[in-house]
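Coordinates from query26.tsv are shown below (TSV, N, CA and C atoms).
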chain	number	residue	atom	x	y	z
A	473	VAL	N	0.86	-1.17	0.00
A	473	VAL	CA	0.00	0.00	0.00
A	473	VAL	C	0.90	1.23	0.00
A	474	ASP	N	0.59	2.15	-0.87
A	474	ASP	CA	1.38	3.36	-0.97
A	474	ASP	C	0.45	4.53	-1.28
A	475	ILE	N	1.01	5.72	-1.25
A	475	ILE	CA	0.25	6.91	-1.62
A	475	ILE	C	0.91	7.53	-2.85
A	476	PHE	N	0.14	8.34	-3.57
A	476	PHE	CA	0.64	9.01	-4.76
A	476	PHE	C	0.26	10.48	-4.71
A	477	ILE	N	1.23	11.33	-5.01
A	477	ILE	CA	1.00	12.77	-5.10
A	477	ILE	C	1.57	13.22	-6.43
A	478	PRO	N	0.76	13.81	-7.31
A	478	PRO	CA	1.27	14.27	-8.60
A	478	PRO	C	2.41	15.28	-8.40
A	479	THR	N	3.34	15.31	-9.35
A	479	THR	CA	4.48	16.22	-9.23
A	479	THR	C	4.33	17.47	-10.10
A	480	ILE	N	3.26	17.55	-10.89
A	480	ILE	CA	3.02	18.72	-11.71
A	480	ILE	C	1.52	18.88	-11.90
A	481	PHE	N	1.06	20.14	-11.94
A	481	PHE	CA	-0.35	20.39	-12.23
A	481	PHE	C	-0.50	21.77	-12.83
A	482	SER	N	-1.65	21.99	-13.46
A	482	SER	CA	-1.90	23.26	-14.15
A	482	SER	C	-3.30	23.76	-13.80
A	483	PRO	N	-3.39	24.54	-12.72
A	483	PRO	CA	-4.70	25.02	-12.26
A	483	PRO	C	-5.25	26.14	-13.14
A	484	ASN	N	-5.70	25.76	-14.35
A	484	ASN	CA	-6.22	26.75	-15.30
A	484	ASN	C	-7.69	26.54	-15.63
A	485	ASN	N	-8.36	25.74	-14.79
A	485	ASN	CA	-9.80	25.49	-14.92
A	485	ASN	C	-10.22	24.86	-16.25
A	486	ASP	N	-9.32	24.04	-16.84
A	486	ASP	CA	-9.70	23.32	-18.06
A	486	ASP	C	-10.22	21.92	-17.77
A	487	GLY	N	-10.27	21.56	-16.48
A	487	GLY	CA	-10.77	20.25	-16.09
A	487	GLY	C	-9.72	19.16	-16.09
A	488	ASN	N	-8.49	19.47	-16.48
A	488	ASN	CA	-7.40	18.50	-16.49
A	488	ASN	C	-6.28	18.95	-15.56
A	489	ASN	N	-5.97	18.13	-14.57
A	489	ASN	CA	-4.86	18.41	-13.65
A	489	ASN	C	-4.95	19.79	-13.00
A	490	ASP	N	-6.15	20.18	-12.59
A	490	ASP	CA	-6.35	21.49	-11.97
A	490	ASP	C	-6.06	21.51	-10.47
A	491	ILE	N	-5.96	20.34	-9.86
A	491	ILE	CA	-5.75	20.25	-8.41
A	491	ILE	C	-4.73	19.16	-8.10
A	492	VAL	N	-4.15	19.25	-6.92
A	492	VAL	CA	-3.22	18.23	-6.42
A	492	VAL	C	-3.84	17.61	-5.18
A	493	CYS	N	-3.98	16.29	-5.23
A	493	CYS	CA	-4.57	15.54	-4.12
A	493	CYS	C	-3.59	14.46	-3.67
A	494	VAL	N	-3.78	13.98	-2.46
A	494	VAL	CA	-3.04	12.81	-1.98
A	494	VAL	C	-3.91	11.61	-2.29
A	495	PHE	N	-3.42	10.75	-3.18
A	495	PHE	CA	-4.17	9.57	-3.60
A	495	PHE	C	-3.64	8.34	-2.87
A	496	GLY	N	-4.55	7.50	-2.41
A	496	GLY	CA	-4.15	6.26	-1.77
A	496	GLY	C	-5.36	5.57	-1.18
A	497	SER	N	-5.27	4.27	-1.11
A	497	SER	CA	-6.37	3.53	-0.50
A	497	SER	C	-6.08	3.37	0.99
A	498	CYS	N	-7.10	3.29	1.74
A	498	CYS	CA	-6.99	3.00	3.17
A	498	CYS	C	-6.33	4.12	3.98
A	499	ILE	N	-6.49	5.39	3.56
A	499	ILE	CA	-5.95	6.51	4.34
A	499	ILE	C	-6.89	6.78	5.51
A	500	SER	N	-6.34	6.67	6.72
A	500	SER	CA	-7.12	6.94	7.92
A	500	SER	C	-7.04	8.43	8.27
A	501	THR	N	-5.82	8.94	8.39
A	501	THR	CA	-5.63	10.36	8.67
A	501	THR	C	-4.43	10.85	7.85
A	502	LEU	N	-4.39	12.17	7.64
A	502	LEU	CA	-3.23	12.75	6.97
A	502	LEU	C	-3.03	14.18	7.39
A	503	ASN	N	-1.81	14.65	7.17
A	503	ASN	CA	-1.47	16.07	7.28
A	503	ASN	C	-0.66	16.39	6.03
A	504	PHE	N	-1.24	17.20	5.12
A	504	PHE	CA	-0.65	17.53	3.84
A	504	PHE	C	-0.34	19.02	3.84
A	505	GLU	N	0.95	19.36	3.67
A	505	GLU	CA	1.39	20.75	3.69
A	505	GLU	C	2.15	21.06	2.41
A	506	VAL	N	1.95	22.29	1.89
A	506	VAL	CA	2.67	22.75	0.71
A	506	VAL	C	3.31	24.09	1.06
A	507	PHE	N	4.58	24.25	0.65
A	507	PHE	CA	5.36	25.45	0.96
A	507	PHE	C	5.90	26.08	-0.32
A	508	ASN	N	6.07	27.41	-0.31
A	508	ASN	CA	6.70	28.07	-1.44
A	508	ASN	C	8.22	28.02	-1.27
A	509	ARG	N	8.95	28.63	-2.19
A	509	ARG	CA	10.42	28.52	-2.17
A	509	ARG	C	11.05	29.22	-0.98
A	510	TRP	N	10.32	30.07	-0.30
A	510	TRP	CA	10.84	30.75	0.89
A	510	TRP	C	10.44	30.02	2.17
A	511	GLY	N	9.79	28.89	2.04
A	511	GLY	CA	9.40	28.12	3.20
A	511	GLY	C	8.09	28.54	3.82
A	512	GLU	N	7.37	29.45	3.16
A	512	GLU	CA	6.07	29.90	3.67
A	512	GLU	C	5.01	28.85	3.32
A	513	LYS	N	4.21	28.48	4.31
A	513	LYS	CA	3.15	27.50	4.07
A	513	LYS	C	2.04	28.14	3.25
A	514	VAL	N	1.72	27.54	2.09
A	514	VAL	CA	0.69	28.09	1.23
A	514	VAL	C	-0.58	27.24	1.24
A	515	PHE	N	-0.49	26.01	1.79
A	515	PHE	CA	-1.66	25.13	1.86
A	515	PHE	C	-1.43	24.10	2.94
A	516	GLU	N	-2.51	23.78	3.66
A	516	GLU	CA	-2.45	22.70	4.65
A	516	GLU	C	-3.84	22.12	4.81
A	517	THR	N	-3.89	20.79	4.91
A	517	THR	CA	-5.16	20.14	5.19
A	517	THR	C	-4.93	18.86	5.97
A	518	THR	N	-5.94	18.49	6.73
A	518	THR	CA	-5.96	17.18	7.39
A	518	THR	C	-7.12	16.35	6.84
A	519	ASP	N	-7.79	16.85	5.83
A	519	ASP	CA	-8.92	16.17	5.19
A	519	ASP	C	-8.42	15.34	4.01
A	520	PRO	N	-8.52	14.01	4.07
A	520	PRO	CA	-8.04	13.18	2.96
A	520	PRO	C	-8.73	13.47	1.62
A	521	GLU	N	-9.88	14.12	1.66
A	521	GLU	CA	-10.60	14.44	0.42
A	521	GLU	C	-10.25	15.82	-0.13
A	522	ALA	N	-9.52	16.62	0.63
A	522	ALA	CA	-9.19	17.99	0.22
A	522	ALA	C	-7.99	17.99	-0.71
A	523	CYS	N	-8.03	18.90	-1.68
A	523	CYS	CA	-6.96	19.03	-2.67
A	523	CYS	C	-6.52	20.48	-2.76
A	524	TRP	N	-5.28	20.69	-3.21
A	524	TRP	CA	-4.75	22.05	-3.38
A	524	TRP	C	-5.05	22.51	-4.79
A	525	ASP	N	-5.58	23.73	-4.92
A	525	ASP	CA	-5.95	24.28	-6.22
A	525	ASP	C	-4.98	25.34	-6.73
A	526	GLY	N	-3.82	25.44	-6.12
A	526	GLY	CA	-2.82	26.40	-6.58
A	526	GLY	C	-3.05	27.81	-6.09
A	527	THR	N	-3.86	27.96	-5.05
A	527	THR	CA	-4.11	29.28	-4.50
A	527	THR	C	-3.64	29.35	-3.05
A	528	GLN	N	-3.48	30.60	-2.59
A	528	GLN	CA	-3.22	30.87	-1.17
A	528	GLN	C	-4.10	32.05	-0.80
A	529	ASN	N	-4.94	31.87	0.21
A	529	ASN	CA	-5.88	32.90	0.63
A	529	ASN	C	-6.73	33.39	-0.54
A	530	ASN	N	-7.20	32.46	-1.35
A	530	ASN	CA	-8.05	32.72	-2.53
A	530	ASN	C	-7.37	33.53	-3.62
A	531	LYS	N	-6.04	33.61	-3.60
A	531	LYS	CA	-5.29	34.29	-4.67
A	531	LYS	C	-4.47	33.25	-5.43
A	532	GLU	N	-4.49	33.34	-6.76
A	532	GLU	CA	-3.72	32.42	-7.59
A	532	GLU	C	-2.23	32.65	-7.37
A	533	LEU	N	-1.49	31.55	-7.22
A	533	LEU	CA	-0.05	31.65	-7.04
A	533	LEU	C	0.64	31.57	-8.40
A	534	ASN	N	1.87	32.05	-8.45
A	534	ASN	CA	2.65	32.04	-9.68
A	534	ASN	C	3.15	30.65	-10.01
A	535	SER	N	3.46	30.45	-11.28
A	535	SER	CA	4.11	29.21	-11.69
A	535	SER	C	5.40	29.06	-10.91
A	536	GLY	N	5.76	27.83	-10.63
A	536	GLY	CA	6.99	27.59	-9.90
A	536	GLY	C	6.98	26.22	-9.26
A	537	VAL	N	8.04	25.97	-8.52
A	537	VAL	CA	8.18	24.69	-7.82
A	537	VAL	C	7.85	24.91	-6.34
A	538	TYR	N	6.97	24.09	-5.83
A	538	TYR	CA	6.55	24.13	-4.43
A	538	TYR	C	6.96	22.82	-3.78
A	539	VAL	N	7.16	22.85	-2.48
A	539	VAL	CA	7.59	21.68	-1.74
A	539	VAL	C	6.43	21.18	-0.90
A	540	TYR	N	6.25	19.85	-0.87
A	540	TYR	CA	5.20	19.30	-0.02
A	540	TYR	C	5.79	18.37	1.02
A	541	LYS	N	5.04	18.23	2.10
A	541	LYS	CA	5.32	17.22	3.12
A	541	LYS	C	3.98	16.61	3.50
A	542	VAL	N	3.92	15.30	3.54
A	542	VAL	CA	2.68	14.63	3.92
A	542	VAL	C	3.00	13.52	4.92
A	543	VAL	N	2.15	13.44	5.94
A	543	VAL	CA	2.22	12.36	6.92
A	543	VAL	C	0.86	11.66	6.86
A	544	VAL	N	0.88	10.38	6.52
A	544	VAL	CA	-0.35	9.62	6.35
A	544	VAL	C	-0.34	8.45	7.31
A	545	LEU	N	-1.46	8.26	7.98
A	545	LEU	CA	-1.68	7.07	8.79
A	545	LEU	C	-2.68	6.20	8.05
A	546	LEU	N	-2.28	4.98	7.73
A	546	LEU	CA	-3.16	4.06	7.01
A	546	LEU	C	-4.07	3.32	7.97
A	547	ASN	N	-5.13	2.76	7.44
A	547	ASN	CA	-6.09	2.02	8.27
A	547	ASN	C	-5.44	0.86	9.01
A	548	ASP	N	-4.35	0.29	8.44
A	548	ASP	CA	-3.69	-0.85	9.09
A	548	ASP	C	-2.68	-0.42	10.16
A	549	GLY	N	-2.59	0.91	10.40
A	549	GLY	CA	-1.70	1.41	11.44
A	549	GLY	C	-0.33	1.84	10.95
A	550	ASN	N	0.00	1.54	9.69
A	550	ASN	CA	1.29	1.97	9.14
A	550	ASN	C	1.28	3.47	8.86
A	551	GLU	N	2.45	4.09	9.08
A	551	GLU	CA	2.59	5.52	8.83
A	551	GLU	C	3.52	5.72	7.63
A	552	ILE	N	3.13	6.64	6.75
A	552	ILE	CA	3.95	6.99	5.59
A	552	ILE	C	4.27	8.48	5.70
A	553	ILE	N	5.55	8.81	5.60
A	553	ILE	CA	5.98	10.20	5.59
A	553	ILE	C	6.71	10.43	4.28
A	554	LYS	N	6.24	11.42	3.50
A	554	LYS	CA	6.85	11.70	2.21
A	554	LYS	C	7.01	13.21	2.06
A	555	SER	N	8.02	13.59	1.27
A	555	SER	CA	8.18	14.98	0.88
A	555	SER	C	8.71	14.99	-0.54
A	556	GLY	N	8.49	16.13	-1.21
A	556	GLY	CA	8.94	16.22	-2.59
A	556	GLY	C	8.52	17.54	-3.18
A	557	ASN	N	8.61	17.64	-4.51
A	557	ASN	CA	8.30	18.86	-5.22
A	557	ASN	C	7.02	18.73	-6.04
A	558	ILE	N	6.30	19.82	-6.14
A	558	ILE	CA	5.14	19.94	-7.02
A	558	ILE	C	5.37	21.17	-7.89
A	559	THR	N	5.30	20.98	-9.20
A	559	THR	CA	5.47	22.10	-10.12
A	559	THR	C	4.11	22.62	-10.55
A	560	LEU	N	3.90	23.92	-10.34
A	560	LEU	CA	2.67	24.58	-10.75
A	560	LEU	C	2.95	25.27	-12.09
A	561	VAL	N	2.19	24.90	-13.11
A	561	VAL	CA	2.38	25.43	-14.45
A	561	VAL	C	1.13	26.17	-14.87
A	562	LYS	N	1.29	27.39	-15.37
A	562	LYS	CA	0.14	28.17	-15.85
A	562	LYS	C	0.07	28.10	-17.35
Just give me the structure as structure tokens.
Amino acid sequence: VDIFIPTIFSPNNDGNNDIVCVFGSCISTLNFEVFNRWGEKVFETTDPEACWDGTQNNKELNSGVYVYKVVVLLNDGNEIIKSGNITLVK
């Protein structure tokens, strides 16, 4: 069992790759955080159904590379901690 987080998305409201979600089966709880290049948190959720739409405080963010960190607790009790990059393309 593993989780998947896309590494690139284009939030341009065309219906394709407009949001970034944490995908995985059997997710019990999670903490998903996204940071800009200066380390400022631009998104955070503990809702496994919530996705990032490329905004911060309802303002569209610029194209660039953002860093994520996710901590997931699976239904079987296993914990997964991952971090990586997400590229936002306009």
Subject >> Option closest in space to Cys523 in chain A, from A:Lys541, A:Val494, A:Lys562, A:Leu546 [counting all atoms listed in the file] >> reply: A:Val494
Selection near range 506-514 of chain A, 8 Å with only N, CA and C atoms, sequence-local residues under 4 positions removed, as an mmCIF file with N, CA and C atoms, in the coordinates of the input:
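What ended up in selection.cif:
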data_model
loop_
_atom_site.group_PDB
_atom_site.id
_atom_site.type_symbol
_atom_site.label_atom_id
_atom_site.label_comp_id
_atom_site.auth_asym_id
_atom_site.auth_seq_id
_atom_site.Cartn_x
_atom_site.Cartn_y
_atom_site.Cartn_z
ATOM 1 N N GLY A 526 -3.820 25.440 -6.120
ATOM 2 C CA GLY A 526 -2.820 26.400 -6.580
ATOM 3 C C GLY A 526 -3.050 27.810 -6.090
ATOM 4 N N THR A 527 -3.860 27.960 -5.050
ATOM 5 C CA THR A 527 -4.110 29.280 -4.500
ATOM 6 C C THR A 527 -3.640 29.350 -3.050
ATOM 7 N N GLN A 528 -3.480 30.600 -2.590
ATOM 8 C CA GLN A 528 -3.220 30.870 -1.170
ATOM 9 C C GLN A 528 -4.100 32.050 -0.800
ATOM 10 N N ASN A 529 -4.940 31.870 0.210
ATOM 11 C CA ASN A 529 -5.880 32.900 0.630
ATOM 12 C C ASN A 529 -6.730 33.390 -0.540
ATOM 13 N N GLY A 536 5.760 27.830 -10.630
ATOM 14 C CA GLY A 536 6.990 27.590 -9.900
ATOM 15 C C GLY A 536 6.980 26.220 -9.260
ATOM 16 N N VAL A 537 8.040 25.970 -8.520
ATOM 17 C CA VAL A 537 8.180 24.690 -7.820
ATOM 18 C C VAL A 537 7.850 24.910 -6.340
ATOM 19 N N TYR A 538 6.970 24.090 -5.830
ATOM 20 C CA TYR A 538 6.550 24.130 -4.430
ATOM 21 C C TYR A 538 6.960 22.820 -3.780
ATOM 22 N N VAL A 539 7.160 22.850 -2.480
ATOM 23 C CA VAL A 539 7.590 21.680 -1.740
ATOM 24 C C VAL A 539 6.430 21.180 -0.900
ATOM 25 N N TYR A 540 6.250 19.850 -0.870
ATOM 26 C CA TYR A 540 5.200 19.300 -0.020
ATOM 27 C C TYR A 540 5.790 18.370 1.020
ATOM 28 N N LYS A 541 5.040 18.230 2.100
ATOM 29 C CA LYS A 541 5.320 17.220 3.120
ATOM 30 C C LYS A 541 3.980 16.610 3.500
ATOM 31 N N VAL A 542 3.920 15.300 3.540
ATOM 32 C CA VAL A 542 2.680 14.630 3.920
ATOM 33 C C VAL A 542 3.000 13.520 4.920
#
Subject >> Between CA of Asn547 in chain A and atom C of Leu502 in chain A, distance in Å (one decimal) >> reply: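 Atom C of Leu502 in chain A lies 12.6 Å from CA of Asn547 in chain A.
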Take every atom of range 498-507 of chain A listed in the file, pad by 6 Å on each side, and give me the axis-aligned box centre and edge lengths in Å, one decimal, as lines of an AutoDock Vina configuration file.
center_x = -0.6
center_y = 14.5
center_z = 4.2
size_x = 25.0
size_y = 35.1
size_z = 21.0
**OP:** Report the distance between atom N of Asp490 in chain A and CA of Glu516 in chain A in Å, rounded to one decimal place.
**Re:**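 Interatomic distance here is 17.8 Å.
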Original post:
Mind pulling up the distance from CA of Asn550 in chain A to CA of Ser500 in chain A?
Top reply: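 Computed distance, CA of Ser500 in chain A to CA of Asn550 in chain A, equals 9.8 Å.
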**OP:** Rank nothing, just name the residue among A:Ile480, A:Val543, A:Val492, A:Asp525 nearest to Asn557 in chain A, using all atoms listed in the file.
**Re:** A:Ile480
Original post:
Quick one: of A:Val544, A:Asn485, A:Glu521, A:Asn534, who's nearest to Val561 in chain A, counting only C-alpha atoms?
Top reply: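 Checking each candidate against Val561 in chain A, we get A:Asn534 as the closest.
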**OP:** Counting only N, CA and C atoms, figure out which residue out of A:Asn530, A:Thr559, A:Asn489, A:Ser497 gets nearest to Ile475 in chain A.
**Re:**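 Of all the options, A:Ser497 lies closest to Ile475 in chain A.
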If you run DSSP over the backbone, which residues in chain A end up strand (DSSP E or B)? Put them as a PDB file with N, CA and C atoms, in the coordinates of the input.
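Listed below is the output, part.pdb:
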ATOM      1  N   ILE A 475       1.010   5.720  -1.250  1.00  0.00           N
ATOM      2  CA  ILE A 475       0.250   6.910  -1.620  1.00  0.00           C
ATOM      3  C   ILE A 475       0.910   7.530  -2.850  1.00  0.00           C
ATOM      4  N   PHE A 476       0.140   8.340  -3.570  1.00  0.00           N
ATOM      5  CA  PHE A 476       0.640   9.010  -4.760  1.00  0.00           C
ATOM      6  C   PHE A 476       0.260  10.480  -4.710  1.00  0.00           C
ATOM      7  N   ILE A 480       3.260  17.550 -10.890  1.00  0.00           N
ATOM      8  CA  ILE A 480       3.020  18.720 -11.710  1.00  0.00           C
ATOM      9  C   ILE A 480       1.520  18.880 -11.900  1.00  0.00           C
ATOM     10  N   PHE A 481       1.060  20.140 -11.940  1.00  0.00           N
ATOM     11  CA  PHE A 481      -0.350  20.390 -12.230  1.00  0.00           C
ATOM     12  C   PHE A 481      -0.500  21.770 -12.830  1.00  0.00           C
ATOM     13  N   VAL A 492      -4.150  19.250  -6.920  1.00  0.00           N
ATOM     14  CA  VAL A 492      -3.220  18.230  -6.420  1.00  0.00           C
ATOM     15  C   VAL A 492      -3.840  17.610  -5.180  1.00  0.00           C
ATOM     16  N   PHE A 495      -3.420  10.750  -3.180  1.00  0.00           N
ATOM     17  CA  PHE A 495      -4.170   9.570  -3.600  1.00  0.00           C
ATOM     18  C   PHE A 495      -3.640   8.340  -2.870  1.00  0.00           C
ATOM     19  N   GLY A 496      -4.550   7.500  -2.410  1.00  0.00           N
ATOM     20  CA  GLY A 496      -4.150   6.260  -1.770  1.00  0.00           C
ATOM     21  C   GLY A 496      -5.360   5.570  -1.180  1.00  0.00           C
ATOM     22  N   ILE A 499      -6.490   5.390   3.560  1.00  0.00           N
ATOM     23  CA  ILE A 499      -5.950   6.510   4.340  1.00  0.00           C
ATOM     24  C   ILE A 499      -6.890   6.780   5.510  1.00  0.00           C
ATOM     25  N   SER A 500      -6.340   6.670   6.720  1.00  0.00           N
ATOM     26  CA  SER A 500      -7.120   6.940   7.920  1.00  0.00           C
ATOM     27  C   SER A 500      -7.040   8.430   8.270  1.00  0.00           C
ATOM     28  N   THR A 501      -5.820   8.940   8.390  1.00  0.00           N
ATOM     29  CA  THR A 501      -5.630  10.360   8.670  1.00  0.00           C
ATOM     30  C   THR A 501      -4.430  10.850   7.850  1.00  0.00           C
ATOM     31  N   LEU A 502      -4.390  12.170   7.640  1.00  0.00           N
ATOM     32  CA  LEU A 502      -3.230  12.750   6.970  1.00  0.00           C
ATOM     33  C   LEU A 502      -3.030  14.180   7.390  1.00  0.00           C
ATOM     34  N   ASN A 503      -1.810  14.650   7.170  1.00  0.00           N
ATOM     35  CA  ASN A 503      -1.470  16.070   7.280  1.00  0.00           C
ATOM     36  C   ASN A 503      -0.660  16.390   6.030  1.00  0.00           C
ATOM     37  N   PHE A 504      -1.240  17.200   5.120  1.00  0.00           N
ATOM     38  CA  PHE A 504      -0.650  17.530   3.840  1.00  0.00           C
ATOM     39  C   PHE A 504      -0.340  19.020   3.840  1.00  0.00           C
ATOM     40  N   GLU A 505       0.950  19.360   3.670  1.00  0.00           N
ATOM     41  CA  GLU A 505       1.390  20.750   3.690  1.00  0.00           C
ATOM     42  C   GLU A 505       2.150  21.060   2.410  1.00  0.00           C
ATOM     43  N   VAL A 506       1.950  22.290   1.890  1.00  0.00           N
ATOM     44  CA  VAL A 506       2.670  22.750   0.710  1.00  0.00           C
ATOM     45  C   VAL A 506       3.310  24.090   1.060  1.00  0.00           C
ATOM     46  N   PHE A 507       4.580  24.250   0.650  1.00  0.00           N
ATOM     47  CA  PHE A 507       5.360  25.450   0.960  1.00  0.00           C
ATOM     48  C   PHE A 507       5.900  26.080  -0.320  1.00  0.00           C
ATOM     49  N   LYS A 513       4.210  28.480   4.310  1.00  0.00           N
ATOM     50  CA  LYS A 513       3.150  27.500   4.070  1.00  0.00           C
ATOM     51  C   LYS A 513       2.040  28.140   3.250  1.00  0.00           C
ATOM     52  N   VAL A 514       1.720  27.540   2.090  1.00  0.00           N
ATOM     53  CA  VAL A 514       0.690  28.090   1.230  1.00  0.00           C
ATOM     54  C   VAL A 514      -0.580  27.240   1.240  1.00  0.00           C
ATOM     55  N   PHE A 515      -0.490  26.010   1.790  1.00  0.00           N
ATOM     56  CA  PHE A 515      -1.660  25.130   1.860  1.00  0.00           C
ATOM     57  C   PHE A 515      -1.430  24.100   2.940  1.00  0.00           C
ATOM     58  N   GLU A 516      -2.510  23.780   3.660  1.00  0.00           N
ATOM     59  CA  GLU A 516      -2.450  22.700   4.650  1.00  0.00           C
ATOM     60  C   GLU A 516      -3.840  22.120   4.810  1.00  0.00           C
ATOM     61  N   THR A 517      -3.890  20.790   4.910  1.00  0.00           N
ATOM     62  CA  THR A 517      -5.160  20.140   5.190  1.00  0.00           C
ATOM     63  C   THR A 517      -4.930  18.860   5.970  1.00  0.00           C
ATOM     64  N   TRP A 524      -5.280  20.690  -3.210  1.00  0.00           N
ATOM     65  CA  TRP A 524      -4.750  22.050  -3.380  1.00  0.00           C
ATOM     66  C   TRP A 524      -5.050  22.510  -4.790  1.00  0.00           C
ATOM     67  N   THR A 527      -3.860  27.960  -5.050  1.00  0.00           N
ATOM     68  CA  THR A 527      -4.110  29.280  -4.500  1.00  0.00           C
ATOM     69  C   THR A 527      -3.640  29.350  -3.050  1.00  0.00           C
ATOM     70  N   GLN A 528      -3.480  30.600  -2.590  1.00  0.00           N
ATOM     71  CA  GLN A 528      -3.220  30.870  -1.170  1.00  0.00           C
ATOM     72  C   GLN A 528      -4.100  32.050  -0.800  1.00  0.00           C
ATOM     73  N   LYS A 531      -6.040  33.610  -3.600  1.00  0.00           N
ATOM     74  CA  LYS A 531      -5.290  34.290  -4.670  1.00  0.00           C
ATOM     75  C   LYS A 531      -4.470  33.250  -5.430  1.00  0.00           C
ATOM     76  N   GLU A 532      -4.490  33.340  -6.760  1.00  0.00           N
ATOM     77  CA  GLU A 532      -3.720  32.420  -7.590  1.00  0.00           C
ATOM     78  C   GLU A 532      -2.230  32.650  -7.370  1.00  0.00           C
ATOM     79  N   GLY A 536       5.760  27.830 -10.630  1.00  0.00           N
ATOM     80  CA  GLY A 536       6.990  27.590  -9.900  1.00  0.00           C
ATOM     81  C   GLY A 536       6.980  26.220  -9.260  1.00  0.00           C
ATOM     82  N   VAL A 537       8.040  25.970  -8.520  1.00  0.00           N
ATOM     83  CA  VAL A 537       8.180  24.690  -7.820  1.00  0.00           C
ATOM     84  C   VAL A 537       7.850  24.910  -6.340  1.00  0.00           C
ATOM     85  N   TYR A 538       6.970  24.090  -5.830  1.00  0.00           N
ATOM     86  CA  TYR A 538       6.550  24.130  -4.430  1.00  0.00           C
ATOM     87  C   TYR A 538       6.960  22.820  -3.780  1.00  0.00           C
ATOM     88  N   VAL A 539       7.160  22.850  -2.480  1.00  0.00           N
ATOM     89  CA  VAL A 539       7.590  21.680  -1.740  1.00  0.00           C
ATOM     90  C   VAL A 539       6.430  21.180  -0.900  1.00  0.00           C
ATOM     91  N   TYR A 540       6.250  19.850  -0.870  1.00  0.00           N
ATOM     92  CA  TYR A 540       5.200  19.300  -0.020  1.00  0.00           C
ATOM     93  C   TYR A 540       5.790  18.370   1.020  1.00  0.00           C
ATOM     94  N   LYS A 541       5.040  18.230   2.100  1.00  0.00           N
ATOM     95  CA  LYS A 541       5.320  17.220   3.120  1.00  0.00           C
ATOM     96  C   LYS A 541       3.980  16.610   3.500  1.00  0.00           C
ATOM     97  N   VAL A 542       3.920  15.300   3.540  1.00  0.00           N
ATOM     98  CA  VAL A 542       2.680  14.630   3.920  1.00  0.00           C
ATOM     99  C   VAL A 542       3.000  13.520   4.920  1.00  0.00           C
ATOM    100  N   VAL A 543       2.150  13.440   5.940  1.00  0.00           N
ATOM    101  CA  VAL A 543       2.220  12.360   6.920  1.00  0.00           C
ATOM    102  C   VAL A 543       0.860  11.660   6.860  1.00  0.00           C
ATOM    103  N   VAL A 544       0.880  10.380   6.520  1.00  0.00           N
ATOM    104  CA  VAL A 544      -0.350   9.620   6.350  1.00  0.00           C
ATOM    105  C   VAL A 544      -0.340   8.450   7.310  1.00  0.00           C
ATOM    106  N   LEU A 545      -1.460   8.260   7.980  1.00  0.00           N
ATOM    107  CA  LEU A 545      -1.680   7.070   8.790  1.00  0.00           C
ATOM    108  C   LEU A 545      -2.680   6.200   8.050  1.00  0.00           C
ATOM    109  N   LEU A 546      -2.280   4.980   7.730  1.00  0.00           N
ATOM    110  CA  LEU A 546      -3.160   4.060   7.010  1.00  0.00           C
ATOM    111  C   LEU A 546      -4.070   3.320   7.970  1.00  0.00           C
ATOM    112  N   GLU A 551       2.450   4.090   9.080  1.00  0.00           N
ATOM    113  CA  GLU A 551       2.590   5.520   8.830  1.00  0.00           C
ATOM    114  C   GLU A 551       3.520   5.720   7.630  1.00  0.00           C
ATOM    115  N   ILE A 552       3.130   6.640   6.750  1.00  0.00           N
ATOM    116  CA  ILE A 552       3.950   6.990   5.590  1.00  0.00           C
ATOM    117  C   ILE A 552       4.270   8.480   5.700  1.00  0.00           C
ATOM    118  N   ILE A 553       5.550   8.810   5.600  1.00  0.00           N
ATOM    119  CA  ILE A 553       5.980  10.200   5.590  1.00  0.00           C
ATOM    120  C   ILE A 553       6.710  10.430   4.280  1.00  0.00           C
ATOM    121  N   LYS A 554       6.240  11.420   3.500  1.00  0.00           N
ATOM    122  CA  LYS A 554       6.850  11.700   2.210  1.00  0.00           C
ATOM    123  C   LYS A 554       7.010  13.210   2.060  1.00  0.00           C
ATOM    124  N   SER A 555       8.020  13.590   1.270  1.00  0.00           N
ATOM    125  CA  SER A 555       8.180  14.980   0.880  1.00  0.00           C
ATOM    126  C   SER A 555       8.710  14.990  -0.540  1.00  0.00           C
ATOM    127  N   GLY A 556       8.490  16.130  -1.210  1.00  0.00           N
ATOM    128  CA  GLY A 556       8.940  16.220  -2.590  1.00  0.00           C
ATOM    129  C   GLY A 556       8.520  17.540  -3.180  1.00  0.00           C
ATOM    130  N   ASN A 557       8.610  17.640  -4.510  1.00  0.00           N
ATOM    131  CA  ASN A 557       8.300  18.860  -5.220  1.00  0.00           C
ATOM    132  C   ASN A 557       7.020  18.730  -6.040  1.00  0.00           C
ATOM    133  N   ILE A 558       6.300  19.820  -6.140  1.00  0.00           N
ATOM    134  CA  ILE A 558       5.140  19.940  -7.020  1.00  0.00           C
ATOM    135  C   ILE A 558       5.370  21.170  -7.890  1.00  0.00           C
ATOM    136  N   THR A 559       5.300  20.980  -9.200  1.00  0.00           N
ATOM    137  CA  THR A 559       5.470  22.100 -10.120  1.00  0.00           C
ATOM    138  C   THR A 559       4.110  22.620 -10.550  1.00  0.00           C
ATOM    139  N   LEU A 560       3.900  23.920 -10.340  1.00  0.00           N
ATOM    140  CA  LEU A 560       2.670  24.580 -10.750  1.00  0.00           C
ATOM    141  C   LEU A 560       2.950  25.270 -12.090  1.00  0.00           C
TER     142      LEU A 560
END
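Residue nearest Cys493 in chain A, chosen from A:Ile477, A:Leu533, A:Leu545, A:Leu560 and counting only C-alpha atoms: A:Ile477.
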**OP:** Select, from A:Phe515, A:Gly496, A:Glu532, A:Asn503, the residue with the minimum atom-to-atom distance to Pro483 in chain A, counting only C-alpha atoms.
**Re:** A:Glu532
